[in-house]
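J.: One file: model26.cif (mmCIF, C-alpha atoms).
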```
data_input
loop_
_atom_site.label_atom_id
_atom_site.label_comp_id
_atom_site.auth_asym_id
_atom_site.auth_seq_id
_atom_site.Cartn_x
_atom_site.Cartn_y
_atom_site.Cartn_z
CA MET P 59 -6.28 29.77 20.16
CA ILE P 60 -9.29 32.04 19.77
CA PRO P 61 -12.44 30.12 20.89
CA GLY P 62 -14.29 28.59 17.92
CA SER P 63 -11.16 28.30 15.80
CA LEU P 64 -10.32 25.02 14.10
CA LEU P 65 -7.12 26.32 12.59
CA GLU P 66 -4.98 29.42 13.07
CA VAL P 67 -2.09 30.32 10.81
CA ASN P 68 -0.01 33.29 11.96
CA ALA P 69 2.68 34.97 9.85
CA LEU P 70 3.59 31.59 8.34
CA VAL P 71 6.66 31.43 6.15
CA ALA P 72 6.99 27.91 4.72
CA GLY P 73 8.88 25.99 2.07
CA TYR P 74 11.21 23.05 1.61
CA GLN P 75 14.98 23.77 1.26
CA ASP P 76 14.18 27.48 1.15
CA PRO P 77 11.07 29.52 1.93
CA VAL P 78 8.60 29.59 -0.96
CA VAL P 79 5.61 31.34 0.57
CA GLY P 80 4.68 33.83 3.25
CA PRO P 81 4.11 35.48 5.52
CA VAL P 82 0.50 34.23 5.46
CA SER P 83 -2.08 34.62 8.23
CA PHE P 84 -5.66 33.35 8.48
CA ARG P 85 -8.11 31.68 10.82
CA LEU P 86 -10.68 28.99 10.02
CA THR P 87 -13.78 28.37 12.13
CA ARG P 88 -16.52 25.74 11.99
CA GLY P 89 -19.09 26.21 9.22
CA GLU P 90 -16.63 28.20 7.16
CA ILE P 91 -15.17 27.54 3.71
CA LEU P 92 -11.96 29.49 3.36
CA GLY P 93 -10.35 29.91 -0.04
CA LEU P 94 -6.59 30.18 -0.57
CA ALA P 95 -6.26 31.76 -3.98
CA GLY P 96 -3.32 32.80 -6.09
CA PRO P 97 -1.59 32.03 -9.36
CA ASN P 98 0.24 28.77 -10.08
CA GLY P 99 3.52 28.61 -8.16
CA SER P 100 2.45 31.11 -5.52
CA GLY P 101 2.88 28.52 -2.74
CA LYS P 102 -0.77 27.77 -1.89
CA SER P 103 -0.18 24.02 -1.71
CA THR P 104 2.93 24.62 0.41
CA VAL P 105 0.76 26.41 2.99
CA LEU P 106 -1.52 23.36 3.05
CA ARG P 107 1.46 21.01 3.37
CA ALA P 108 2.87 23.11 6.21
CA ILE P 109 -0.45 22.75 8.04
CA ILE P 110 -0.16 18.94 7.98
CA GLY P 111 3.56 18.87 8.76
CA ARG P 112 4.78 17.97 5.29
CA ALA P 113 6.55 21.27 4.55
CA ARG P 114 9.13 23.13 6.61
CA ILE P 115 7.99 26.07 8.70
CA PHE P 116 10.68 28.78 8.66
CA SER P 117 8.80 31.23 10.86
CA GLY P 118 5.33 31.87 12.17
CA THR P 119 2.95 29.32 13.66
CA VAL P 120 0.28 26.82 12.67
CA GLU P 121 -2.14 25.83 15.40
CA ARG P 122 -4.94 23.32 15.16
CA CYS P 123 -7.66 22.85 17.74
CA GLN P 124 -6.77 19.78 19.82
CA GLY P 125 -8.36 16.52 18.70
CA VAL P 126 -9.48 17.88 15.34
CA ARG P 127 -9.89 15.08 12.79
CA THR P 128 -8.38 16.16 9.51
CA THR P 129 -8.72 14.84 5.98
CA VAL P 130 -6.66 15.89 2.97
CA GLN P 131 -7.38 15.70 -0.75
CA SER P 132 -4.05 15.98 -2.51
CA GLN P 133 -3.60 17.85 -5.76
CA GLN P 134 -2.44 14.71 -7.56
CA PRO P 135 -4.40 11.75 -6.25
CA VAL P 136 -2.74 8.33 -6.36
CA ARG P 137 -4.00 6.48 -9.45
CA LEU P 138 -2.49 3.09 -10.16
CA ALA P 139 -2.67 1.58 -13.65
CA GLU P 140 -4.41 -1.49 -12.18
CA MET P 141 -6.54 -0.89 -9.13
CA PRO P 142 -9.14 -3.51 -8.24
CA VAL P 143 -10.59 -1.46 -5.35
CA THR P 144 -14.24 -0.42 -5.90
CA GLY P 145 -15.61 3.08 -5.43
CA ARG P 146 -17.58 1.91 -2.37
CA GLU P 147 -14.45 0.41 -0.77
CA PHE P 148 -12.60 3.65 -1.48
CA LEU P 149 -15.29 5.69 0.34
CA ARG P 150 -15.28 3.19 3.22
CA LEU P 151 -11.64 4.08 3.92
CA THR P 152 -12.63 7.53 5.17
CA GLY P 153 -16.10 6.58 6.43
CA ALA P 154 -17.76 8.48 3.56
CA ASP P 155 -19.79 5.37 2.63
CA ARG P 156 -22.11 6.08 5.59
CA GLN P 157 -23.72 8.99 3.75
CA PRO P 158 -25.66 8.90 0.50
CA PRO P 159 -23.24 9.97 -2.24
CA PRO P 160 -23.93 12.81 -4.69
CA PRO P 161 -26.20 11.42 -7.47
CA PRO P 162 -23.50 11.35 -10.20
CA LEU P 163 -21.35 9.09 -8.00
CA ALA P 164 -24.01 6.53 -7.04
CA PRO P 165 -23.76 4.43 -10.24
CA LEU P 166 -19.96 4.34 -10.00
CA LEU P 167 -19.62 2.81 -6.56
CA GLU P 168 -19.38 -0.80 -7.72
CA HIS P 169 -16.82 0.05 -10.44
CA ARG P 170 -13.10 -0.53 -10.06
CA LEU P 171 -11.19 2.71 -9.55
CA ASP P 172 -9.12 2.14 -12.69
CA ARG P 173 -12.32 2.09 -14.77
CA LEU P 174 -13.29 5.65 -13.73
CA SER P 175 -12.39 8.70 -15.78
CA GLY P 176 -10.06 11.32 -14.31
CA GLY P 177 -12.98 13.62 -13.50
CA GLN P 178 -15.08 10.83 -11.96
CA PHE P 179 -12.18 9.74 -9.77
CA GLN P 180 -11.51 13.34 -8.71
CA LEU P 181 -15.15 13.81 -7.64
CA LEU P 182 -15.04 10.49 -5.76
CA HIS P 183 -11.83 11.59 -4.05
CA VAL P 184 -13.29 14.94 -2.98
CA TRP P 185 -16.45 13.21 -1.73
CA ALA P 186 -14.34 10.72 0.25
CA CYS P 187 -13.06 13.77 2.16
CA LEU P 188 -16.29 15.77 2.40
CA GLY P 189 -18.42 12.71 3.23
CA SER P 190 -16.11 11.69 6.09
CA ALA P 191 -16.56 12.70 9.71
CA ALA P 192 -13.50 14.98 9.64
CA ASP P 193 -13.79 18.37 11.35
CA LEU P 194 -11.20 19.96 9.10
CA VAL P 195 -11.17 19.25 5.35
CA LEU P 196 -8.22 20.40 3.25
CA LEU P 197 -8.85 20.39 -0.50
CA ASP P 198 -6.02 21.08 -2.96
CA GLU P 199 -7.30 22.07 -6.43
CA PRO P 200 -10.47 20.00 -5.99
CA ASP P 201 -11.83 20.71 -9.48
CA ASN P 202 -8.81 19.32 -11.37
CA ASN P 203 -9.88 17.20 -14.39
CA MET P 204 -13.59 17.96 -13.83
CA ASP P 205 -16.05 18.70 -16.61
CA PRO P 206 -18.71 21.42 -16.03
CA LYS P 207 -21.27 18.90 -14.74
CA ALA P 208 -18.88 17.39 -12.17
CA ARG P 209 -17.82 20.91 -11.19
CA ALA P 210 -21.44 21.89 -10.54
CA THR P 211 -21.78 18.81 -8.29
CA LEU P 212 -18.58 19.80 -6.47
CA ILE P 213 -19.95 23.29 -5.80
CA GLU P 214 -23.20 21.78 -4.54
CA VAL P 215 -21.52 19.37 -2.09
CA LEU P 216 -19.22 22.11 -0.84
CA HIS P 217 -22.24 24.31 -0.07
CA GLU P 218 -23.91 21.36 1.70
CA SER P 219 -20.80 20.73 3.81
CA ARG P 220 -21.18 24.14 5.49
CA LYS P 221 -24.34 22.91 7.21
CA GLU P 222 -22.36 20.15 8.92
CA GLY P 223 -20.32 22.60 10.97
CA ARG P 224 -16.90 21.62 9.75
CA GLY P 225 -14.16 23.87 8.42
CA VAL P 226 -13.08 23.54 4.81
CA LEU P 227 -9.92 25.02 3.32
CA VAL P 228 -9.97 25.17 -0.49
CA VAL P 229 -6.74 25.76 -2.38
CA SER P 230 -7.39 26.77 -5.99
CA HIS P 231 -6.01 28.92 -8.76
CA GLU P 232 -9.54 29.05 -10.24
CA HIS P 233 -10.95 32.34 -8.96
CA ASP P 234 -14.47 31.54 -10.08
CA LEU P 235 -14.50 28.32 -8.01
CA VAL P 236 -13.32 29.96 -4.78
CA GLU P 237 -15.70 32.86 -5.32
CA ALA P 238 -18.61 30.43 -5.87
CA VAL P 239 -18.04 28.34 -2.74
CA CYS P 240 -15.93 30.22 -0.22
CA THR P 241 -17.16 32.35 2.62
CA ARG P 242 -13.79 34.13 2.79
CA LEU P 243 -10.80 34.44 0.56
CA VAL P 244 -7.08 34.80 1.32
CA GLU P 245 -4.73 35.77 -1.50
CA VAL P 246 -1.37 34.03 -1.40
CA ALA P 247 1.76 35.45 -2.97
CA PRO P 248 5.27 33.99 -3.06
CA MET U 106 5.64 -41.03 -7.93
CA THR U 107 1.80 -40.97 -7.78
CA PHE U 108 -0.74 -38.71 -6.10
CA PRO U 109 -1.23 -40.87 -2.95
CA ASP U 110 2.48 -40.43 -2.20
CA VAL U 111 1.70 -36.87 -1.20
CA TRP U 112 0.04 -38.30 1.92
CA ASP U 113 3.15 -40.26 2.80
CA ALA U 114 4.49 -38.96 6.10
CA MET U 115 7.75 -38.10 4.37
CA PHE U 116 6.02 -35.66 2.01
CA LEU U 117 3.07 -34.52 4.12
CA LEU U 118 4.96 -31.97 6.23
CA PRO U 119 6.75 -30.41 3.24
CA PHE U 120 3.42 -30.39 1.35
CA LEU U 121 1.67 -28.56 4.21
CA ASN U 122 4.56 -26.12 4.56
CA GLY U 123 4.30 -25.26 0.87
CA LEU U 124 0.51 -25.00 1.08
CA LEU U 125 0.71 -22.51 3.93
CA LEU U 126 3.24 -20.47 1.96
CA ALA U 127 0.92 -20.57 -1.07
CA ILE U 128 -1.74 -18.94 1.11
CA LEU U 129 0.43 -16.46 3.01
CA LEU U 130 2.67 -15.14 0.23
CA PRO U 131 -0.05 -13.77 -2.11
CA LEU U 132 -1.77 -12.22 0.91
CA VAL U 133 1.24 -10.04 1.63
CA GLY U 134 1.91 -9.84 -2.12
CA ALA U 135 -1.39 -8.05 -2.80
CA HIS U 136 -0.51 -5.35 -0.28
CA VAL U 137 3.08 -5.12 -1.52
CA ARG U 138 1.72 -4.61 -5.05
CA LEU U 139 -0.74 -2.02 -3.77
CA ARG U 140 2.24 -0.08 -2.40
CA GLU U 141 4.11 -0.58 -5.69
CA GLU U 142 6.88 -2.22 -3.67
CA TRP U 143 6.75 -5.60 -5.39
CA LEU U 144 10.53 -5.79 -5.51
CA ALA U 145 10.25 -6.12 -1.71
CA SER U 146 9.72 -9.82 -2.08
CA LEU U 147 12.97 -10.33 -3.95
CA GLY U 148 14.97 -7.90 -1.77
CA LEU U 149 13.83 -9.43 1.52
CA ALA U 150 14.13 -13.01 0.25
CA GLN U 151 17.71 -12.28 -0.81
CA ALA U 152 18.44 -10.69 2.59
CA ALA U 153 17.10 -13.88 4.21
CA ALA U 154 19.28 -15.94 1.86
CA ALA U 155 22.33 -14.00 3.02
CA GLY U 156 21.26 -14.86 6.58
CA VAL U 157 21.09 -18.57 5.72
CA VAL U 158 24.62 -18.58 4.30
CA LEU U 159 25.81 -16.51 7.26
CA ALA U 160 24.35 -19.14 9.60
CA ALA U 161 26.29 -21.85 7.75
CA PHE U 162 29.45 -19.75 8.01
CA TRP U 163 29.06 -19.30 11.76
CA VAL U 164 27.36 -22.67 12.34
CA GLY U 165 24.30 -20.95 13.88
CA PRO U 166 20.54 -21.67 13.77
CA VAL U 167 19.70 -21.26 10.06
CA ALA U 168 16.03 -20.25 10.23
CA LEU U 169 16.59 -17.85 13.10
CA ILE U 170 19.48 -16.03 11.42
CA ALA U 171 17.56 -15.89 8.11
CA LEU U 172 14.56 -14.37 9.93
CA ALA U 173 16.81 -11.93 11.75
CA ALA U 174 18.54 -10.87 8.51
CA ALA U 175 15.23 -10.22 6.70
CA ALA U 176 13.70 -8.48 9.73
CA LEU U 177 16.80 -6.28 10.12
CA ALA U 178 16.63 -5.35 6.43
CA ALA U 179 12.94 -4.42 6.77
CA LEU U 180 13.63 -2.45 9.93
CA ALA U 181 16.49 -0.55 8.29
CA LYS U 182 14.27 0.29 5.31
CA SER U 183 11.51 1.49 7.62
CA LEU U 184 13.75 3.52 9.92
CA LEU U 185 15.67 5.14 7.09
CA GLY U 186 12.35 6.17 5.57
CA HIS U 187 13.07 4.61 2.18
CA LYS U 188 9.87 4.04 0.28
CA GLY U 189 9.43 2.10 -2.88
CA ASN U 190 11.44 -0.28 -4.98
CA GLU U 191 14.77 1.54 -4.81
CA ALA U 192 15.29 0.50 -1.17
CA TYR U 193 14.47 -3.08 -2.06
CA ALA U 194 16.77 -3.07 -5.09
CA LEU U 195 19.65 -2.02 -2.80
CA MET U 196 18.64 -4.72 -0.31
CA LEU U 197 18.64 -7.30 -3.11
CA LEU U 198 22.13 -6.36 -4.26
CA VAL U 199 23.56 -6.26 -0.73
CA GLY U 200 21.95 -9.64 0.07
CA TRP U 201 23.24 -11.18 -3.14
CA THR U 202 26.83 -10.01 -2.75
CA VAL U 203 26.98 -10.99 0.95
CA ALA U 204 25.44 -14.44 0.28
CA LEU U 205 27.76 -15.29 -2.61
CA ARG U 206 30.94 -14.04 -0.95
CA LEU U 207 30.18 -15.91 2.26
CA ALA U 208 29.30 -19.03 0.27
CA ALA U 209 32.62 -18.86 -1.57
CA ASN U 210 34.45 -18.95 1.76
CA SER U 211 32.37 -21.55 3.63
CA ALA U 212 32.41 -25.35 3.58
CA HIS U 213 28.60 -25.72 3.39
CA GLY U 214 27.82 -22.31 1.97
CA GLU U 215 27.88 -23.47 -1.62
CA ASP U 216 25.37 -26.29 -1.00
CA LEU U 217 23.11 -23.87 0.83
CA SER U 218 23.37 -21.34 -1.97
CA ARG U 219 22.24 -23.99 -4.46
CA ALA U 220 19.39 -24.99 -2.15
CA LEU U 221 18.29 -21.35 -1.93
CA VAL U 222 18.17 -21.16 -5.72
CA GLN U 223 16.33 -24.45 -6.27
CA GLY U 224 14.27 -24.64 -3.09
CA GLN U 225 14.49 -27.33 -0.42
CA LEU U 226 10.85 -27.82 0.49
CA TYR U 227 11.26 -31.60 0.95
CA PHE U 228 13.72 -30.98 3.79
CA THR U 229 11.41 -28.68 5.75
CA ASP U 230 10.04 -30.13 8.99
CA ALA U 231 7.60 -29.58 11.83
CA SER U 232 9.49 -26.54 13.13
CA HIS U 233 8.92 -24.83 9.78
CA LEU U 234 5.22 -25.71 9.98
CA GLN U 235 4.97 -24.31 13.50
CA ALA U 236 6.64 -21.07 12.42
CA LEU U 237 4.37 -20.77 9.37
CA GLY U 238 1.31 -21.54 11.50
CA ALA U 239 2.27 -18.73 13.87
CA VAL U 240 2.79 -16.33 10.93
CA ALA U 241 -0.60 -17.38 9.50
CA LEU U 242 -2.31 -16.60 12.81
CA VAL U 243 -0.64 -13.20 12.98
CA GLN U 244 -1.35 -12.37 9.30
CA PHE U 245 -5.02 -13.32 9.40
CA GLY U 246 -5.43 -11.82 12.87
CA LEU U 247 -3.93 -8.50 11.81
CA LEU U 248 -5.57 -8.32 8.38
CA PRO U 249 -8.78 -6.53 9.51
CA TRP U 250 -6.62 -3.90 11.24
CA LEU U 251 -3.82 -3.72 8.73
CA ALA U 252 -5.57 -3.81 5.33
CA PRO U 253 -7.73 -0.65 5.78
CA ARG U 254 -4.71 1.28 7.06
CA LEU U 255 -2.51 0.21 4.18
CA LEU U 256 -5.24 1.17 1.69
CA LEU U 257 -5.88 4.50 3.45
CA ALA U 258 -2.16 5.33 3.49
CA ARG U 259 -1.90 4.43 -0.22
CA PHE U 260 -4.82 6.53 -1.47
CA PHE U 261 -4.63 9.31 1.11
CA PRO U 262 -0.87 9.53 1.66
CA ASP U 263 -1.17 12.60 3.88
CA HIS U 264 -3.91 11.22 6.12
CA PHE U 265 -1.75 9.91 8.96
CA ALA U 266 0.60 12.92 8.97
CA ALA U 267 -2.39 15.28 8.97
CA ASN U 268 -3.69 13.52 12.08
CA GLY U 269 -0.45 13.68 14.02
CA GLN U 270 1.07 10.31 13.05
CA GLN U 271 4.24 11.04 11.09
CA ASN U 272 5.40 7.41 11.37
CA PRO U 273 2.29 5.27 11.72
CA ARG U 274 2.85 1.88 13.41
CA HIS U 275 1.17 -0.14 10.69
CA GLU U 276 4.05 0.63 8.28
CA LEU U 277 6.65 -1.03 10.49
CA VAL U 278 4.31 -3.90 11.41
CA PHE U 279 3.70 -4.62 7.73
CA ASP U 280 7.38 -4.39 6.76
CA VAL U 281 8.39 -6.84 9.50
CA LEU U 282 5.51 -9.19 8.60
CA VAL U 283 6.62 -9.24 4.95
CA ALA U 284 10.22 -9.87 6.03
CA ILE U 285 9.35 -12.82 8.29
CA THR U 286 7.07 -14.41 5.68
CA LEU U 287 9.70 -14.00 2.96
CA ALA U 288 12.48 -15.39 5.15
CA LEU U 289 10.46 -18.54 5.86
CA ALA U 290 9.57 -18.80 2.17
CA ALA U 291 13.14 -18.35 0.93
CA THR U 292 14.41 -21.10 3.24
CA ALA U 293 11.66 -23.48 2.03
CA ILE U 294 11.05 -22.95 -1.69
CA GLY U 295 14.04 -20.80 -2.67
CA VAL U 296 14.55 -17.09 -3.28
CA MET U 297 13.12 -16.83 -6.80
CA ALA U 298 10.09 -19.05 -6.10
CA ALA U 299 9.29 -16.99 -3.00
CA PHE U 300 9.42 -13.87 -5.18
CA ALA U 301 7.24 -15.53 -7.82
CA VAL U 302 4.51 -16.53 -5.34
CA VAL U 303 4.42 -13.01 -3.91
CA PHE U 304 4.44 -11.33 -7.30
CA LEU U 305 2.60 -13.48 -9.86
CA PRO U 306 -0.75 -14.40 -8.21
CA PRO U 307 -1.57 -10.78 -7.24
CA TRP U 308 -0.32 -9.67 -10.69
CA ILE U 309 -2.97 -11.91 -12.27
CA ALA U 310 -5.67 -11.16 -9.68
CA PHE U 311 -5.27 -7.37 -9.99
CA ARG U 312 -6.30 -7.68 -13.63
CA PHE U 313 -9.44 -9.77 -13.06
CA ALA U 314 -10.93 -9.08 -9.62
CA ARG U 315 -13.34 -6.36 -8.57
CA GLY U 316 -13.04 -5.46 -4.91
CA TRP U 317 -10.05 -5.63 -2.59
CA PHE U 318 -10.89 -8.77 -0.62
CA ARG U 319 -11.92 -10.57 -3.80
CA THR U 320 -8.50 -9.67 -5.21
CA ILE U 321 -6.80 -11.19 -2.19
CA ALA U 322 -9.00 -14.30 -2.39
CA LEU U 323 -8.38 -14.74 -6.12
CA GLY U 324 -4.63 -14.30 -5.62
CA ILE U 325 -4.64 -17.01 -2.95
CA ALA U 326 -6.76 -19.32 -5.15
CA ILE U 327 -4.36 -18.91 -8.09
CA SER U 328 -1.37 -19.47 -5.84
CA VAL U 329 -2.81 -22.60 -4.20
CA ALA U 330 -3.86 -24.07 -7.57
CA GLY U 331 -0.41 -23.38 -8.99
CA TYR U 332 1.28 -24.88 -5.95
CA LEU U 333 -0.78 -28.09 -6.05
CA VAL U 334 0.10 -28.62 -9.71
CA ALA U 335 3.76 -27.74 -9.11
CA PHE U 336 4.09 -30.04 -6.10
CA LEU U 337 2.69 -33.03 -7.99
CA VAL U 338 4.74 -32.32 -11.13
CA ALA U 339 7.94 -31.89 -9.11
CA LEU U 340 7.31 -35.17 -7.26
CA ARG U 341 6.27 -37.11 -10.35
CA PHE U 342 9.19 -35.98 -12.51
CA ASP U 343 11.75 -35.53 -9.71
CA GLN U 344 12.29 -31.85 -10.40
CA PRO U 345 13.44 -29.08 -8.01
CA ILE U 346 10.31 -27.51 -6.55
CA GLY U 347 11.32 -23.83 -6.89
CA PRO U 348 11.67 -23.65 -10.68
CA VAL U 349 8.51 -25.77 -11.15
CA ILE U 350 6.44 -23.39 -9.01
CA VAL U 351 7.75 -20.43 -11.00
CA GLY U 352 7.01 -22.20 -14.32
CA VAL U 353 3.44 -23.15 -13.37
CA LEU U 354 2.63 -19.64 -12.10
CA LEU U 355 4.11 -18.10 -15.24
CA ALA U 356 1.89 -20.40 -17.31
CA LEU U 357 -1.15 -19.27 -15.29
CA GLY U 358 -0.11 -15.68 -15.99
CA LEU U 359 -0.82 -16.27 -19.67
CA VAL U 360 -4.53 -15.67 -18.93
CA ARG U 361 -3.85 -12.01 -18.00
CA PRO U 362 -4.35 -10.55 -21.49
CA PHE U 363 -7.83 -12.12 -21.61
CA ALA U 364 -9.20 -9.95 -18.81
CA GLN U 365 -11.94 -7.51 -19.83
CA ARG U 366 -10.69 -3.94 -19.80
#
```
What does this structure look like when you write it as structure tokens?
T.:
Amino acid sequence: MIPGSLLEVNALVAGYQDPVVGPVSFRLTRGEILGLAGPNGSGKSTVLRAIIGRARIFSGTVERCQGVRTTVQSQQPVRLAEMPVTGREFLRLTGADRQPPPPPLAPLLEHRLDRLSGGQFQLLHVWACLGSAADLVLLDEPDNNMDPKARATLIEVLHESRKEGRGVLVVSHEHDLVEAVCTRLVEVAP
Amino acid sequence: MTFPDVWDAMFLLPFLNGLLLAILLPLVGAHVRLREEWLASLGLAQAAAAGVVLAAFWVGPVALIALAAAALAALAKSLLGHKGNEAYALMLLVGWTVALRLAANSAHGEDLSRALVQGQLYFTDASHLQALGAVALVQFGLLPWLAPRLLLARFFPDHFAANGQQNPRHELVFDVLVAITLALAATAIGVMAAFAVVFLPPWIAFRFARGWFRTIALGIAISVAGYLVAFLVALRFDQPIGPVIVGVLLALGLVRPFAQR
């Protein structure tokens, strides 16, 4: 791997039964927020899933710097109809409770997860990843369900995360989001 | 039968066995419900029941073969990578058909089958208590390690794979722990009562509690309260313990709609 790299993806062709995306190449270094953009169905999430070993790699390589702690925010977070876990307990799972949360989240931390709105839960989920000690953060459509206020908070915490020297990969079909937060952009096509 | 009779040596051991089960079952039940695998309790209990009847068929050690049957079922589920209730539904059906067919062809199988339906808590002894004590030590000892991992895997299902653990150890540890607890429960209070104590207290607690450990504590409190009432009622009116436990817990479940939403 090139020194300074957290993640290197070279000519990756990935999918499940059959290839659905690629070839895709990019490199992610510390302090960088890389955007994977493209229309719905272009295979952006498949690239992310190939990185963590959940999708089949048909050709090409995915290399991660050894010992890199990774956290993943999935596109469809698990939401149970009855979930007595509090917001604070949820953040404790990833170690994100050690940092002060973004102001809109602070009053929600003692609430049960099933009492939060979709947008509130999404922001909590993203913060559980960004507030953790992970070196590599993979976010899949992080602004799903968010209203403009929550989205502004998301953009703010993503900008803040650059200062912490980690690498963030943002998968989104929202061009304005990736353009607002990403230091580099990679277009993905099927 | 009056309350002091509970302290009679004849009833004390069965009472303590049931009390330990009333503590241990909702503890695993809360995590089983978290994983939306609540049918696990019925599937594994039925696998254990098949083991009990198998032991009668072969004249082997009943508890050991029941434990082995449930543990094998859990191991198979874990190794085959089946997640969720479908695997447990298959386990339930296999356990049921094996148990009934063996019972039909065994001298004692039919009696055992009836005991597994009604529960035979009053016939449990010190060996059952020792086994439950060991399971209690393991469960409470592992809880601080196991609970955060089970929660993390539930809410961040890609976390362990993303960090190089495609088959994290805690999954297998939990499956085997559930199997052993359910096997001991099925041989003491019966298959359906074991399922009820795993399912109903967490089902009520999930509606009322705020916070994970409070949910576990409330589930245990509901289960213990239900068990105490059921034990006394079953003794006083000479009723089979299994159906009484299920009835009392179902009655407690009537408070669920009154939770604030």
J.: Which one is closest to chain P: U:Arg138, U:Arg341, U:His275, U:Arg206? Count only C-alpha atoms.
T.: U:Arg138
J.: Using the chain letters and numbers from the file, which residues does the PyMOL selection byres ((chain P) within 6 of (chain U)) grab, as a list in words?
T.: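 Given this file, the PyMOL selection byres ((chain P) within 6 of (chain U)) evaluates to Ile110, Thr128, Val136, Pro142, Val143, Thr144 and Leu151 of chain P.
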J.: When the PyMOL selection byres ((chain U and resi 205) around 9) is applied to the file above, which residues end up in the set, as a PyMOL selection string?
T.: chain U and resi 155+158+200-204+206-210+214-215+218
J.: Those same residues - C-alpha atoms - I'd like them written as a short mmCIF file (atom, residue, chain, number, x, y, z; two decimals), keeping the file's coordinate frame.
T.:
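File produced: result.cif:
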```
data_model
loop_
_atom_site.label_atom_id
_atom_site.label_comp_id
_atom_site.auth_asym_id
_atom_site.auth_seq_id
_atom_site.Cartn_x
_atom_site.Cartn_y
_atom_site.Cartn_z
CA ALA U 155 22.33 -14.00 3.02
CA VAL U 158 24.62 -18.58 4.30
CA GLY U 200 21.95 -9.64 0.07
CA TRP U 201 23.24 -11.18 -3.14
CA THR U 202 26.83 -10.01 -2.75
CA VAL U 203 26.98 -10.99 0.95
CA ALA U 204 25.44 -14.44 0.28
CA ARG U 206 30.94 -14.04 -0.95
CA LEU U 207 30.18 -15.91 2.26
CA ALA U 208 29.30 -19.03 0.27
CA ALA U 209 32.62 -18.86 -1.57
CA ASN U 210 34.45 -18.95 1.76
CA GLY U 214 27.82 -22.31 1.97
CA GLU U 215 27.88 -23.47 -1.62
CA SER U 218 23.37 -21.34 -1.97
#
```
J.: Contacts of Ile115 (chain P) at 8 Å or less, counting only C-alpha atoms, minus same-chain residues fewer than 3 places along, as a VMD selection string?
T.: chain P and resid 70 to 73 108 118 to 119
J.: Using the chain letters and numbers from the file, give me the residues hit by the PyMOL selection byres ((chain U and resi 222) around 7), as number ranges by chain.
T.: U: 218-221, 223-224, 295-297
J.: Around the point (0.6, -26.4, -9.0) in the file's coordinates, collect all residues with an atom within 10 Å, using only C-alpha atoms, and return them as a list in words.
T.: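 Nearby residues: Ala127, Ile327, Ser328, Val329, Ala330, Gly331, Tyr332, Leu333, Val334, Ala335, Phe336, Leu337, Val338, Ala339, Val349, Ile350, Val351, Gly352, Val353, Leu354 and Leu357 of chain U.
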J.: What is the distance, in Å and to one decimal place, between CA of Pro348 (chain U) and CA of Asn190 (chain U)?
T.: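 We find that CA of Pro348 (chain U) and CA of Asn190 (chain U) lie 24.1 Å from each other.
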J.: Between P:Lys102, P:Arg170, P:Arg122, P:Arg114, which one has atoms that come closest to Thr87 (chain P), using only C-alpha atoms?
T.: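 Going through P:Lys102, P:Arg170, P:Arg122, P:Arg114 one by one, the smallest distance to Thr87 (chain P) is for P:Arg122.
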